[in-house]
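Only one structure is covered here, and it is reproduced in the block below.
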Amino acid sequence: MNTKVIIGIGANLNNPLEQVKLALTEIAQIKNSKLLKCSSLYETKPVGPQDQPKFINAVAILETSLTALEFLDELQALENSHLRKRIIHWGPRTLDLDILFWGNEEINNERLIVPHKEFSNRVFTVLPLLEIEPNFIYKGTPLKNLVSTLPQDDLDAFVKIK
Ligand code: ROI
């Protein structure tokens with residue numbers, strides 16, 4: 001059974017643009033999975049502490065026959081290969097790969113909660129997804145209707161780079 005999975009990609013350390021570009025080539029090679037769509041790459045204002053570099057963000061859609069936890073293992077192996085260090089909560093990171101949606105399923109266990117709790121509050125997840133899925137429905141309403149609820153300063157700082 002194939003699942004459509006939507007992931008968020010973020011980086012703000014060690015040449016984040018290259019981290020994200022490399023991550024995309026690696027994500028395209030995850031076993032039993034196929035990369036269907038990828039957004040542009042965007043420069044975004046950090047959510048959380050402001051005394052950290054800007055982020056590069058993107059969203060990708062894949063199809064996979066892996067289970068959610070198997071897929072999460074693949075993402076975490078990629079994060080680790082990019083020498084991610086989890087030192088500061090909501091602090092800088094070399095590569096962050098989050099499962100935002102796992103088909104239409106709700107998953108809630110100690111390793112994974114989807115839909116991602118913060119998805120709809122964040123410019124850096126909502127706008128890239130809208131670029132590739134303009135008619136996406138989130139909890140029964142068109143995602144595009146949520147844009148006006150997002151923080152204006154984050155919207156102003158959101159810049160397409162590639
Ligand atoms: N802020 C932005 N702009 N992009 C991210 O990917 C990101 N990731 C995070 C925190 C630290 C919450 N802030 C972020 O994990």
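A note on labels: chains of the structure tokens are A, B, ... as shown, every chain counts residues from 1, and ligands are counted from 1 in their shown order.
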
Residues within 10 Å of ligand 1 (only C-alpha atoms and all ligand atoms), as a PDB file with all heavy atoms, in the first residue's frame?
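Here's the written file part14.pdb:
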ATOM      1  N   GLY A   8       8.754  18.385   5.500  1.00  0.00           N
ATOM      2  CA  GLY A   8       9.371  19.697   5.560  1.00  0.00           C
ATOM      3  C   GLY A   8      10.872  19.535   5.705  1.00  0.00           C
ATOM      4  O   GLY A   8      11.344  18.640   6.420  1.00  0.00           O
ATOM      5  N   ILE A   9      11.603  20.405   5.010  1.00  0.00           N
ATOM      6  CA  ILE A   9      13.065  20.355   5.018  1.00  0.00           C
ATOM      7  C   ILE A   9      13.548  21.723   5.475  1.00  0.00           C
ATOM      8  O   ILE A   9      13.081  22.752   4.960  1.00  0.00           O
ATOM      9  CB  ILE A   9      13.592  20.073   3.600  1.00  0.00           C
ATOM     10  CG1 ILE A   9      12.982  18.784   3.063  1.00  0.00           C
ATOM     11  CG2 ILE A   9      15.124  20.023   3.572  1.00  0.00           C
ATOM     12  CD1 ILE A   9      13.022  18.674   1.552  1.00  0.00           C
ATOM     13  N   GLY A  10      14.464  21.758   6.440  1.00  0.00           N
ATOM     14  CA  GLY A  10      14.978  23.043   6.921  1.00  0.00           C
ATOM     15  C   GLY A  10      16.431  22.927   7.330  1.00  0.00           C
ATOM     16  O   GLY A  10      16.885  21.864   7.773  1.00  0.00           O
ATOM     17  N   ALA A  11      17.160  24.030   7.168  1.00  0.00           N
ATOM     18  CA  ALA A  11      18.564  24.060   7.584  1.00  0.00           C
ATOM     19  C   ALA A  11      18.964  25.510   7.812  1.00  0.00           C
ATOM     20  O   ALA A  11      18.494  26.401   7.097  1.00  0.00           O
ATOM     21  CB  ALA A  11      19.463  23.437   6.515  1.00  0.00           C
ATOM     22  N   ASN A  12      19.847  25.745   8.793  1.00  0.00           N
ATOM     23  CA  ASN A  12      20.370  27.113   8.953  1.00  0.00           C
ATOM     24  C   ASN A  12      21.820  27.149   9.422  1.00  0.00           C
ATOM     25  O   ASN A  12      22.262  28.179   9.925  1.00  0.00           O
ATOM     26  CB  ASN A  12      19.466  27.974   9.847  1.00  0.00           C
ATOM     27  CG  ASN A  12      19.566  27.660  11.321  1.00  0.00           C
ATOM     28  OD1 ASN A  12      19.994  26.574  11.684  1.00  0.00           O
ATOM     29  ND2 ASN A  12      19.173  28.600  12.164  1.00  0.00           N
ATOM     30  N   TYR A  42      13.354  28.338  -0.182  1.00  0.00           N
ATOM     31  CA  TYR A  42      13.016  29.659   0.351  1.00  0.00           C
ATOM     32  C   TYR A  42      13.944  30.020   1.497  1.00  0.00           C
ATOM     33  O   TYR A  42      14.322  29.149   2.301  1.00  0.00           O
ATOM     34  CB  TYR A  42      11.580  29.669   0.887  1.00  0.00           C
ATOM     35  CG  TYR A  42      10.543  29.460  -0.189  1.00  0.00           C
ATOM     36  CD1 TYR A  42      10.077  28.184  -0.480  1.00  0.00           C
ATOM     37  CD2 TYR A  42      10.041  30.533  -0.917  1.00  0.00           C
ATOM     38  CE1 TYR A  42       9.123  27.975  -1.480  1.00  0.00           C
ATOM     39  CE2 TYR A  42       9.093  30.345  -1.918  1.00  0.00           C
ATOM     40  CZ  TYR A  42       8.636  29.067  -2.183  1.00  0.00           C
ATOM     41  OH  TYR A  42       7.698  28.882  -3.178  1.00  0.00           O
ATOM     42  N   GLU A  43      14.242  31.308   1.597  1.00  0.00           N
ATOM     43  CA  GLU A  43      14.911  31.831   2.783  1.00  0.00           C
ATOM     44  C   GLU A  43      13.825  32.317   3.729  1.00  0.00           C
ATOM     45  O   GLU A  43      12.908  33.027   3.292  1.00  0.00           O
ATOM     46  CB  GLU A  43      15.816  32.988   2.377  1.00  0.00           C
ATOM     47  CG  GLU A  43      16.623  33.549   3.526  1.00  0.00           C
ATOM     48  CD  GLU A  43      17.426  34.749   3.066  1.00  0.00           C
ATOM     49  OE1 GLU A  43      16.874  35.872   3.106  1.00  0.00           O
ATOM     50  OE2 GLU A  43      18.583  34.555   2.651  1.00  0.00           O
ATOM     51  N   THR A  44      13.920  31.942   5.007  1.00  0.00           N
ATOM     52  CA  THR A  44      12.850  32.251   5.962  1.00  0.00           C
ATOM     53  C   THR A  44      13.429  32.766   7.277  1.00  0.00           C
ATOM     54  O   THR A  44      14.552  32.430   7.660  1.00  0.00           O
ATOM     55  CB  THR A  44      11.984  31.008   6.244  1.00  0.00           C
ATOM     56  OG1 THR A  44      12.769  30.040   6.945  1.00  0.00           O
ATOM     57  CG2 THR A  44      11.447  30.378   4.957  1.00  0.00           C
ATOM     58  N   LYS A  45      12.621  33.560   7.954  1.00  0.00           N
ATOM     59  CA  LYS A  45      12.994  34.108   9.268  1.00  0.00           C
ATOM     60  C   LYS A  45      12.894  32.999  10.308  1.00  0.00           C
ATOM     61  O   LYS A  45      11.906  32.244  10.291  1.00  0.00           O
ATOM     62  CB  LYS A  45      12.012  35.238   9.584  1.00  0.00           C
ATOM     63  CG  LYS A  45      12.280  36.021  10.842  1.00  0.00           C
ATOM     64  CD  LYS A  45      11.470  37.328  10.801  1.00  0.00           C
ATOM     65  CE  LYS A  45      10.352  37.437  11.804  1.00  0.00           C
ATOM     66  NZ  LYS A  45      10.540  36.968  13.122  1.00  0.00           N
ATOM     67  N   PRO A  46      13.869  32.875  11.193  1.00  0.00           N
ATOM     68  CA  PRO A  46      13.768  31.823  12.206  1.00  0.00           C
ATOM     69  C   PRO A  46      12.507  31.977  13.062  1.00  0.00           C
ATOM     70  O   PRO A  46      12.174  33.079  13.483  1.00  0.00           O
ATOM     71  CB  PRO A  46      15.010  31.999  13.086  1.00  0.00           C
ATOM     72  CG  PRO A  46      15.853  33.025  12.450  1.00  0.00           C
ATOM     73  CD  PRO A  46      15.096  33.670  11.334  1.00  0.00           C
ATOM     74  N   VAL A  47      11.819  30.879  13.269  1.00  0.00           N
ATOM     75  CA  VAL A  47      10.784  30.811  14.301  1.00  0.00           C
ATOM     76  C   VAL A  47      11.504  30.340  15.553  1.00  0.00           C
ATOM     77  O   VAL A  47      12.277  29.387  15.506  1.00  0.00           O
ATOM     78  CB  VAL A  47       9.684  29.811  13.885  1.00  0.00           C
ATOM     79  CG1 VAL A  47       8.768  29.507  15.055  1.00  0.00           C
ATOM     80  CG2 VAL A  47       8.907  30.362  12.700  1.00  0.00           C
ATOM     81  N   GLY A  48      11.275  31.018  16.667  1.00  0.00           N
ATOM     82  CA  GLY A  48      12.032  30.707  17.878  1.00  0.00           C
ATOM     83  C   GLY A  48      13.062  31.803  18.094  1.00  0.00           C
ATOM     84  O   GLY A  48      12.874  32.930  17.634  1.00  0.00           O
ATOM     85  N   PRO A  49      14.155  31.455  18.784  1.00  0.00           N
ATOM     86  CA  PRO A  49      15.166  32.474  19.069  1.00  0.00           C
ATOM     87  C   PRO A  49      15.616  33.184  17.787  1.00  0.00           C
ATOM     88  O   PRO A  49      15.866  32.542  16.771  1.00  0.00           O
ATOM     89  CB  PRO A  49      16.312  31.660  19.683  1.00  0.00           C
ATOM     90  CG  PRO A  49      15.650  30.446  20.250  1.00  0.00           C
ATOM     91  CD  PRO A  49      14.479  30.155  19.360  1.00  0.00           C
ATOM     92  N   GLN A  50      15.725  34.518  17.853  1.00  0.00           N
ATOM     93  CA  GLN A  50      16.076  35.302  16.651  1.00  0.00           C
ATOM     94  C   GLN A  50      17.582  35.448  16.463  1.00  0.00           C
ATOM     95  O   GLN A  50      18.020  35.878  15.402  1.00  0.00           O
ATOM     96  CB  GLN A  50      15.422  36.691  16.728  1.00  0.00           C
ATOM     97  CG  GLN A  50      13.905  36.639  16.647  1.00  0.00           C
ATOM     98  CD  GLN A  50      13.424  36.020  15.334  1.00  0.00           C
ATOM     99  OE1 GLN A  50      13.697  36.540  14.269  1.00  0.00           O
ATOM    100  NE2 GLN A  50      12.725  34.878  15.423  1.00  0.00           N
ATOM    101  N   GLN A  52      19.860  33.617  15.593  1.00  0.00           N
ATOM    102  CA  GLN A  52      20.392  32.487  14.830  1.00  0.00           C
ATOM    103  C   GLN A  52      20.212  32.826  13.351  1.00  0.00           C
ATOM    104  O   GLN A  52      19.404  33.684  12.989  1.00  0.00           O
ATOM    105  CB  GLN A  52      19.680  31.175  15.194  1.00  0.00           C
ATOM    106  CG  GLN A  52      18.173  31.167  14.958  1.00  0.00           C
ATOM    107  CD  GLN A  52      17.554  29.808  15.273  1.00  0.00           C
ATOM    108  OE1 GLN A  52      18.099  28.774  14.930  1.00  0.00           O
ATOM    109  NE2 GLN A  52      16.393  29.826  15.937  1.00  0.00           N
ATOM    110  N   PRO A  53      20.979  32.151  12.464  1.00  0.00           N
ATOM    111  CA  PRO A  53      20.901  32.501  11.040  1.00  0.00           C
ATOM    112  C   PRO A  53      19.517  32.230  10.456  1.00  0.00           C
ATOM    113  O   PRO A  53      18.744  31.428  11.001  1.00  0.00           O
ATOM    114  CB  PRO A  53      21.935  31.572  10.391  1.00  0.00           C
ATOM    115  CG  PRO A  53      22.798  31.072  11.498  1.00  0.00           C
ATOM    116  CD  PRO A  53      21.982  31.108  12.742  1.00  0.00           C
ATOM    117  N   LYS A  54      19.232  32.891   9.336  1.00  0.00           N
ATOM    118  CA  LYS A  54      18.020  32.582   8.581  1.00  0.00           C
ATOM    119  C   LYS A  54      18.046  31.126   8.140  1.00  0.00           C
ATOM    120  O   LYS A  54      19.114  30.519   8.014  1.00  0.00           O
ATOM    121  CB  LYS A  54      17.947  33.480   7.353  1.00  0.00           C
ATOM    122  CG  LYS A  54      17.629  34.925   7.690  1.00  0.00           C
ATOM    123  CD  LYS A  54      17.566  35.774   6.447  1.00  0.00           C
ATOM    124  CE  LYS A  54      17.175  37.199   6.825  1.00  0.00           C
ATOM    125  NZ  LYS A  54      17.339  38.118   5.689  1.00  0.00           N
ATOM    126  N   PHE A  55      16.861  30.595   7.886  1.00  0.00           N
ATOM    127  CA  PHE A  55      16.744  29.211   7.428  1.00  0.00           C
ATOM    128  C   PHE A  55      16.559  29.146   5.916  1.00  0.00           C
ATOM    129  O   PHE A  55      16.038  30.081   5.302  1.00  0.00           O
ATOM    130  CB  PHE A  55      15.518  28.547   8.065  1.00  0.00           C
ATOM    131  CG  PHE A  55      15.748  28.010   9.460  1.00  0.00           C
ATOM    132  CD1 PHE A  55      15.756  28.869  10.548  1.00  0.00           C
ATOM    133  CD2 PHE A  55      15.940  26.657   9.680  1.00  0.00           C
ATOM    134  CE1 PHE A  55      15.959  28.387  11.839  1.00  0.00           C
ATOM    135  CE2 PHE A  55      16.138  26.167  10.965  1.00  0.00           C
ATOM    136  CZ  PHE A  55      16.143  27.032  12.041  1.00  0.00           C
ATOM    137  N   ILE A  56      16.951  28.023   5.351  1.00  0.00           N
ATOM    138  CA  ILE A  56      16.503  27.617   4.027  1.00  0.00           C
ATOM    139  C   ILE A  56      15.459  26.527   4.251  1.00  0.00           C
ATOM    140  O   ILE A  56      15.702  25.572   5.001  1.00  0.00           O
ATOM    141  CB  ILE A  56      17.656  27.066   3.160  1.00  0.00           C
ATOM    142  CG1 ILE A  56      18.793  28.081   3.037  1.00  0.00           C
ATOM    143  CG2 ILE A  56      17.128  26.636   1.791  1.00  0.00           C
ATOM    144  CD1 ILE A  56      18.432  29.370   2.342  1.00  0.00           C
ATOM    145  N   ASN A  57      14.282  26.685   3.621  1.00  0.00           N
ATOM    146  CA  ASN A  57      13.192  25.714   3.785  1.00  0.00           C
ATOM    147  C   ASN A  57      12.626  25.272   2.440  1.00  0.00           C
ATOM    148  O   ASN A  57      12.650  26.031   1.469  1.00  0.00           O
ATOM    149  CB  ASN A  57      12.055  26.322   4.616  1.00  0.00           C
ATOM    150  CG  ASN A  57      12.351  26.343   6.100  1.00  0.00           C
ATOM    151  OD1 ASN A  57      12.581  27.394   6.691  1.00  0.00           O
ATOM    152  ND2 ASN A  57      12.368  25.177   6.714  1.00  0.00           N
ATOM    153  N   ALA A  58      12.091  24.065   2.441  1.00  0.00           N
ATOM    154  CA  ALA A  58      11.372  23.537   1.275  1.00  0.00           C
ATOM    155  C   ALA A  58      10.418  22.466   1.781  1.00  0.00           C
ATOM    156  O   ALA A  58      10.523  22.001   2.929  1.00  0.00           O
ATOM    157  CB  ALA A  58      12.342  22.937   0.252  1.00  0.00           C
ATOM    158  N   ILE A  88      20.267  23.085  21.296  1.00  0.00           N
ATOM    159  CA  ILE A  88      19.367  24.096  21.839  1.00  0.00           C
ATOM    160  C   ILE A  88      17.957  23.833  21.319  1.00  0.00           C
ATOM    161  O   ILE A  88      17.773  23.650  20.114  1.00  0.00           O
ATOM    162  CB  ILE A  88      19.817  25.511  21.393  1.00  0.00           C
ATOM    163  CG1 ILE A  88      21.282  25.743  21.770  1.00  0.00           C
ATOM    164  CG2 ILE A  88      18.914  26.582  21.995  1.00  0.00           C
ATOM    165  CD1 ILE A  88      21.874  26.982  21.127  1.00  0.00           C
ATOM    166  N   HIS A  89      16.979  23.816  22.202  1.00  0.00           N
ATOM    167  CA  HIS A  89      15.589  23.669  21.770  1.00  0.00           C
ATOM    168  C   HIS A  89      15.212  24.840  20.877  1.00  0.00           C
ATOM    169  O   HIS A  89      15.425  26.000  21.237  1.00  0.00           O
ATOM    170  CB  HIS A  89      14.671  23.599  22.986  1.00  0.00           C
ATOM    171  CG  HIS A  89      13.237  23.363  22.641  1.00  0.00           C
ATOM    172  ND1 HIS A  89      12.811  22.235  21.954  1.00  0.00           N
ATOM    173  CD2 HIS A  89      12.140  24.107  22.865  1.00  0.00           C
ATOM    174  CE1 HIS A  89      11.505  22.312  21.785  1.00  0.00           C
ATOM    175  NE2 HIS A  89      11.074  23.443  22.333  1.00  0.00           N
ATOM    176  N   TRP A  90      14.674  24.524  19.715  1.00  0.00           N
ATOM    177  CA  TRP A  90      14.300  25.534  18.713  1.00  0.00           C
ATOM    178  C   TRP A  90      15.509  26.362  18.265  1.00  0.00           C
ATOM    179  O   TRP A  90      15.389  27.497  17.851  1.00  0.00           O
ATOM    180  CB  TRP A  90      13.149  26.435  19.187  1.00  0.00           C
ATOM    181  CG  TRP A  90      11.819  25.759  19.070  1.00  0.00           C
ATOM    182  CD1 TRP A  90      11.591  24.421  18.981  1.00  0.00           C
ATOM    183  CD2 TRP A  90      10.531  26.375  18.996  1.00  0.00           C
ATOM    184  NE1 TRP A  90      10.254  24.163  18.860  1.00  0.00           N
ATOM    185  CE2 TRP A  90       9.576  25.348  18.880  1.00  0.00           C
ATOM    186  CE3 TRP A  90      10.100  27.711  19.033  1.00  0.00           C
ATOM    187  CZ2 TRP A  90       8.212  25.608  18.790  1.00  0.00           C
ATOM    188  CZ3 TRP A  90       8.734  27.958  18.949  1.00  0.00           C
ATOM    189  CH2 TRP A  90       7.804  26.915  18.832  1.00  0.00           C
ATOM    190  N   GLY A  91      16.686  25.790  18.413  1.00  0.00           N
ATOM    191  CA  GLY A  91      17.902  26.489  18.006  1.00  0.00           C
ATOM    192  C   GLY A  91      18.349  26.049  16.625  1.00  0.00           C
ATOM    193  O   GLY A  91      17.641  25.341  15.928  1.00  0.00           O
ATOM    194  N   PRO A  92      19.553  26.489  16.207  1.00  0.00           N
ATOM    195  CA  PRO A  92      20.028  26.222  14.855  1.00  0.00           C
ATOM    196  C   PRO A  92      20.257  24.735  14.585  1.00  0.00           C
ATOM    197  O   PRO A  92      20.551  23.966  15.499  1.00  0.00           O
ATOM    198  CB  PRO A  92      21.343  27.002  14.778  1.00  0.00           C
ATOM    199  CG  PRO A  92      21.717  27.339  16.167  1.00  0.00           C
ATOM    200  CD  PRO A  92      20.487  27.278  16.999  1.00  0.00           C
ATOM    201  N   ARG A  93      20.125  24.342  13.339  1.00  0.00           N
ATOM    202  CA  ARG A  93      20.356  22.960  12.963  1.00  0.00           C
ATOM    203  C   ARG A  93      20.878  22.859  11.529  1.00  0.00           C
ATOM    204  O   ARG A  93      20.541  23.688  10.671  1.00  0.00           O
ATOM    205  CB  ARG A  93      19.099  22.098  13.142  1.00  0.00           C
ATOM    206  CG  ARG A  93      17.870  22.512  12.401  1.00  0.00           C
ATOM    207  CD  ARG A  93      16.925  23.424  13.170  1.00  0.00           C
ATOM    208  NE  ARG A  93      16.812  23.253  14.594  1.00  0.00           N
ATOM    209  CZ  ARG A  93      16.009  22.379  15.193  1.00  0.00           C
ATOM    210  NH1 ARG A  93      15.250  21.566  14.516  1.00  0.00           N
ATOM    211  NH2 ARG A  93      15.968  22.331  16.498  1.00  0.00           N
ATOM    212  N   LEU A  95      20.374  20.183   9.506  1.00  0.00           N
ATOM    213  CA  LEU A  95      19.325  19.642   8.644  1.00  0.00           C
ATOM    214  C   LEU A  95      18.203  19.093   9.506  1.00  0.00           C
ATOM    215  O   LEU A  95      18.444  18.316  10.424  1.00  0.00           O
ATOM    216  CB  LEU A  95      19.863  18.517   7.735  1.00  0.00           C
ATOM    217  CG  LEU A  95      18.825  17.935   6.774  1.00  0.00           C
ATOM    218  CD1 LEU A  95      18.363  18.973   5.754  1.00  0.00           C
ATOM    219  CD2 LEU A  95      19.382  16.710   6.055  1.00  0.00           C
ATOM    220  N   ASP A  96      17.013  19.512   9.187  1.00  0.00           N
ATOM    221  CA  ASP A  96      15.827  19.117   9.929  1.00  0.00           C
ATOM    222  C   ASP A  96      14.834  18.566   8.907  1.00  0.00           C
ATOM    223  O   ASP A  96      14.490  19.268   7.950  1.00  0.00           O
ATOM    224  CB  ASP A  96      15.255  20.381  10.590  1.00  0.00           C
ATOM    225  CG  ASP A  96      14.295  20.086  11.714  1.00  0.00           C
ATOM    226  OD1 ASP A  96      14.152  18.911  12.098  1.00  0.00           O
ATOM    227  OD2 ASP A  96      13.679  21.049  12.204  1.00  0.00           O
ATOM    228  N   LEU A  97      14.433  17.328   9.072  1.00  0.00           N
ATOM    229  CA  LEU A  97      13.473  16.692   8.159  1.00  0.00           C
ATOM    230  C   LEU A  97      12.277  16.250   8.981  1.00  0.00           C
ATOM    231  O   LEU A  97      12.410  15.400   9.868  1.00  0.00           O
ATOM    232  CB  LEU A  97      14.119  15.474   7.476  1.00  0.00           C
ATOM    233  CG  LEU A  97      15.359  15.761   6.637  1.00  0.00           C
ATOM    234  CD1 LEU A  97      16.025  14.460   6.198  1.00  0.00           C
ATOM    235  CD2 LEU A  97      15.003  16.616   5.431  1.00  0.00           C
ATOM    236  N   ASP A  98      11.123  16.856   8.717  1.00  0.00           N
ATOM    237  CA  ASP A  98       9.926  16.564   9.511  1.00  0.00           C
ATOM    238  C   ASP A  98       8.856  15.958   8.628  1.00  0.00           C
ATOM    239  O   ASP A  98       8.578  16.489   7.539  1.00  0.00           O
ATOM    240  CB  ASP A  98       9.339  17.863  10.091  1.00  0.00           C
ATOM    241  CG  ASP A  98      10.149  18.399  11.247  1.00  0.00           C
ATOM    242  OD1 ASP A  98      10.769  17.595  11.962  1.00  0.00           O
ATOM    243  OD2 ASP A  98      10.165  19.631  11.427  1.00  0.00           O
ATOM    244  N   GLU A 118       2.676  21.987  14.508  1.00  0.00           N
ATOM    245  CA  GLU A 118       2.914  23.401  14.205  1.00  0.00           C
ATOM    246  C   GLU A 118       2.707  23.733  12.733  1.00  0.00           C
ATOM    247  O   GLU A 118       2.879  24.886  12.337  1.00  0.00           O
ATOM    248  CB  GLU A 118       4.341  23.787  14.624  1.00  0.00           C
ATOM    249  CG  GLU A 118       4.582  23.719  16.121  1.00  0.00           C
ATOM    250  CD  GLU A 118       3.748  24.758  16.875  1.00  0.00           C
ATOM    251  OE1 GLU A 118       3.437  25.819  16.301  1.00  0.00           O
ATOM    252  OE2 GLU A 118       3.398  24.494  18.037  1.00  0.00           O
ATOM    253  N   ARG A 122       3.046  27.990  10.585  1.00  0.00           N
ATOM    254  CA  ARG A 122       4.381  28.342  10.106  1.00  0.00           C
ATOM    255  C   ARG A 122       4.388  28.687   8.623  1.00  0.00           C
ATOM    256  O   ARG A 122       4.059  27.856   7.765  1.00  0.00           O
ATOM    257  CB  ARG A 122       5.333  27.176  10.374  1.00  0.00           C
ATOM    258  CG  ARG A 122       5.561  26.989  11.865  1.00  0.00           C
ATOM    259  CD  ARG A 122       6.394  25.799  12.180  1.00  0.00           C
ATOM    260  NE  ARG A 122       6.886  25.865  13.562  1.00  0.00           N
ATOM    261  CZ  ARG A 122       7.608  24.923  14.133  1.00  0.00           C
ATOM    262  NH1 ARG A 122       7.923  23.823  13.456  1.00  0.00           N
ATOM    263  NH2 ARG A 122       8.030  25.070  15.367  1.00  0.00           N
ATOM    264  N   VAL A 123       4.819  29.893   8.338  1.00  0.00           N
ATOM    265  CA  VAL A 123       4.975  30.329   6.945  1.00  0.00           C
ATOM    266  C   VAL A 123       5.855  29.341   6.183  1.00  0.00           C
ATOM    267  O   VAL A 123       5.596  29.025   5.021  1.00  0.00           O
ATOM    268  CB  VAL A 123       5.583  31.750   6.924  1.00  0.00           C
ATOM    269  CG1 VAL A 123       6.044  32.129   5.537  1.00  0.00           C
ATOM    270  CG2 VAL A 123       4.568  32.765   7.450  1.00  0.00           C
ATOM    271  N   PHE A 124       6.921  28.840   6.835  1.00  0.00           N
ATOM    272  CA  PHE A 124       7.905  28.034   6.112  1.00  0.00           C
ATOM    273  C   PHE A 124       7.409  26.634   5.781  1.00  0.00           C
ATOM    274  O   PHE A 124       8.072  25.928   5.030  1.00  0.00           O
ATOM    275  CB  PHE A 124       9.256  28.011   6.852  1.00  0.00           C
ATOM    276  CG  PHE A 124       9.278  27.287   8.178  1.00  0.00           C
ATOM    277  CD1 PHE A 124       9.393  25.905   8.258  1.00  0.00           C
ATOM    278  CD2 PHE A 124       9.212  28.000   9.371  1.00  0.00           C
ATOM    279  CE1 PHE A 124       9.457  25.245   9.479  1.00  0.00           C
ATOM    280  CE2 PHE A 124       9.270  27.355  10.606  1.00  0.00           C
ATOM    281  CZ  PHE A 124       9.389  25.976  10.651  1.00  0.00           C
ATOM    282  N   THR A 125       6.259  26.215   6.318  1.00  0.00           N
ATOM    283  CA  THR A 125       5.656  24.950   5.876  1.00  0.00           C
ATOM    284  C   THR A 125       4.430  25.200   4.995  1.00  0.00           C
ATOM    285  O   THR A 125       4.240  24.517   3.987  1.00  0.00           O
ATOM    286  CB  THR A 125       5.280  24.044   7.074  1.00  0.00           C
ATOM    287  OG1 THR A 125       4.562  24.808   8.050  1.00  0.00           O
ATOM    288  CG2 THR A 125       6.511  23.452   7.708  1.00  0.00           C
ATOM    289  N   ASP A 154       6.792  37.219   9.410  1.00  0.00           N
ATOM    290  CA  ASP A 154       7.338  36.005   8.782  1.00  0.00           C
ATOM    291  C   ASP A 154       6.994  35.968   7.290  1.00  0.00           C
ATOM    292  O   ASP A 154       7.810  35.545   6.463  1.00  0.00           O
ATOM    293  CB  ASP A 154       6.788  34.743   9.458  1.00  0.00           C
ATOM    294  CG  ASP A 154       7.300  34.574  10.885  1.00  0.00           C
ATOM    295  OD1 ASP A 154       8.180  35.353  11.300  1.00  0.00           O
ATOM    296  OD2 ASP A 154       6.815  33.664  11.579  1.00  0.00           O
ATOM    297  N   ALA A 157       9.285  38.340   5.405  1.00  0.00           N
ATOM    298  CA  ALA A 157      10.680  37.897   5.302  1.00  0.00           C
ATOM    299  C   ALA A 157      10.838  36.649   4.427  1.00  0.00           C
ATOM    300  O   ALA A 157      11.948  36.164   4.227  1.00  0.00           O
ATOM    301  CB  ALA A 157      11.214  37.608   6.704  1.00  0.00           C
ATOM    302  N   PHE A 158       9.733  36.120   3.916  1.00  0.00           N
ATOM    303  CA  PHE A 158       9.750  34.860   3.152  1.00  0.00           C
ATOM    304  C   PHE A 158      10.177  35.146   1.711  1.00  0.00           C
ATOM    305  O   PHE A 158       9.493  35.870   0.979  1.00  0.00           O
ATOM    306  CB  PHE A 158       8.327  34.288   3.189  1.00  0.00           C
ATOM    307  CG  PHE A 158       8.145  32.969   2.503  1.00  0.00           C
ATOM    308  CD1 PHE A 158       8.513  31.785   3.117  1.00  0.00           C
ATOM    309  CD2 PHE A 158       7.567  32.910   1.248  1.00  0.00           C
ATOM    310  CE1 PHE A 158       8.303  30.566   2.488  1.00  0.00           C
ATOM    311  CE2 PHE A 158       7.357  31.699   0.606  1.00  0.00           C
ATOM    312  CZ  PHE A 158       7.739  30.525   1.244  1.00  0.00           C
TER     313      PHE A 158
END

- Message: Give me, as a PyMOL selection string, the residues of chain A that a backbone DSSP run labels alpha helix (DSSP H).
- Response: chain A and resi 16-27+68-81+123-132+152-156

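For the choices A:Gly103, A:Val147, A:Glu70, A:Gln19, the atom-to-atom distance to A:Pro134 is smallest for A:Val147 when using only C-alpha atoms.
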
- Query: For A:Lys117, which residue among A:Ala68, A:Ile99, A:Leu22, A:Leu78 is the nearest when counting only C-alpha atoms?
  - Reply: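 For A:Lys117, the nearest of the candidates is A:Ile99.
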
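Taking atom CA of A:Leu17 as the reference point, atom CA of A:His82 is found at 12.8 Å.
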
- Query: To one decimal place, how far is atom CA of A:Thr94 from atom CA of A:Ser33 in Å?
  - Reply: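 Spanning atom CA of A:Thr94 to atom CA of A:Ser33 is a straight-line distance of 23.7 Å.
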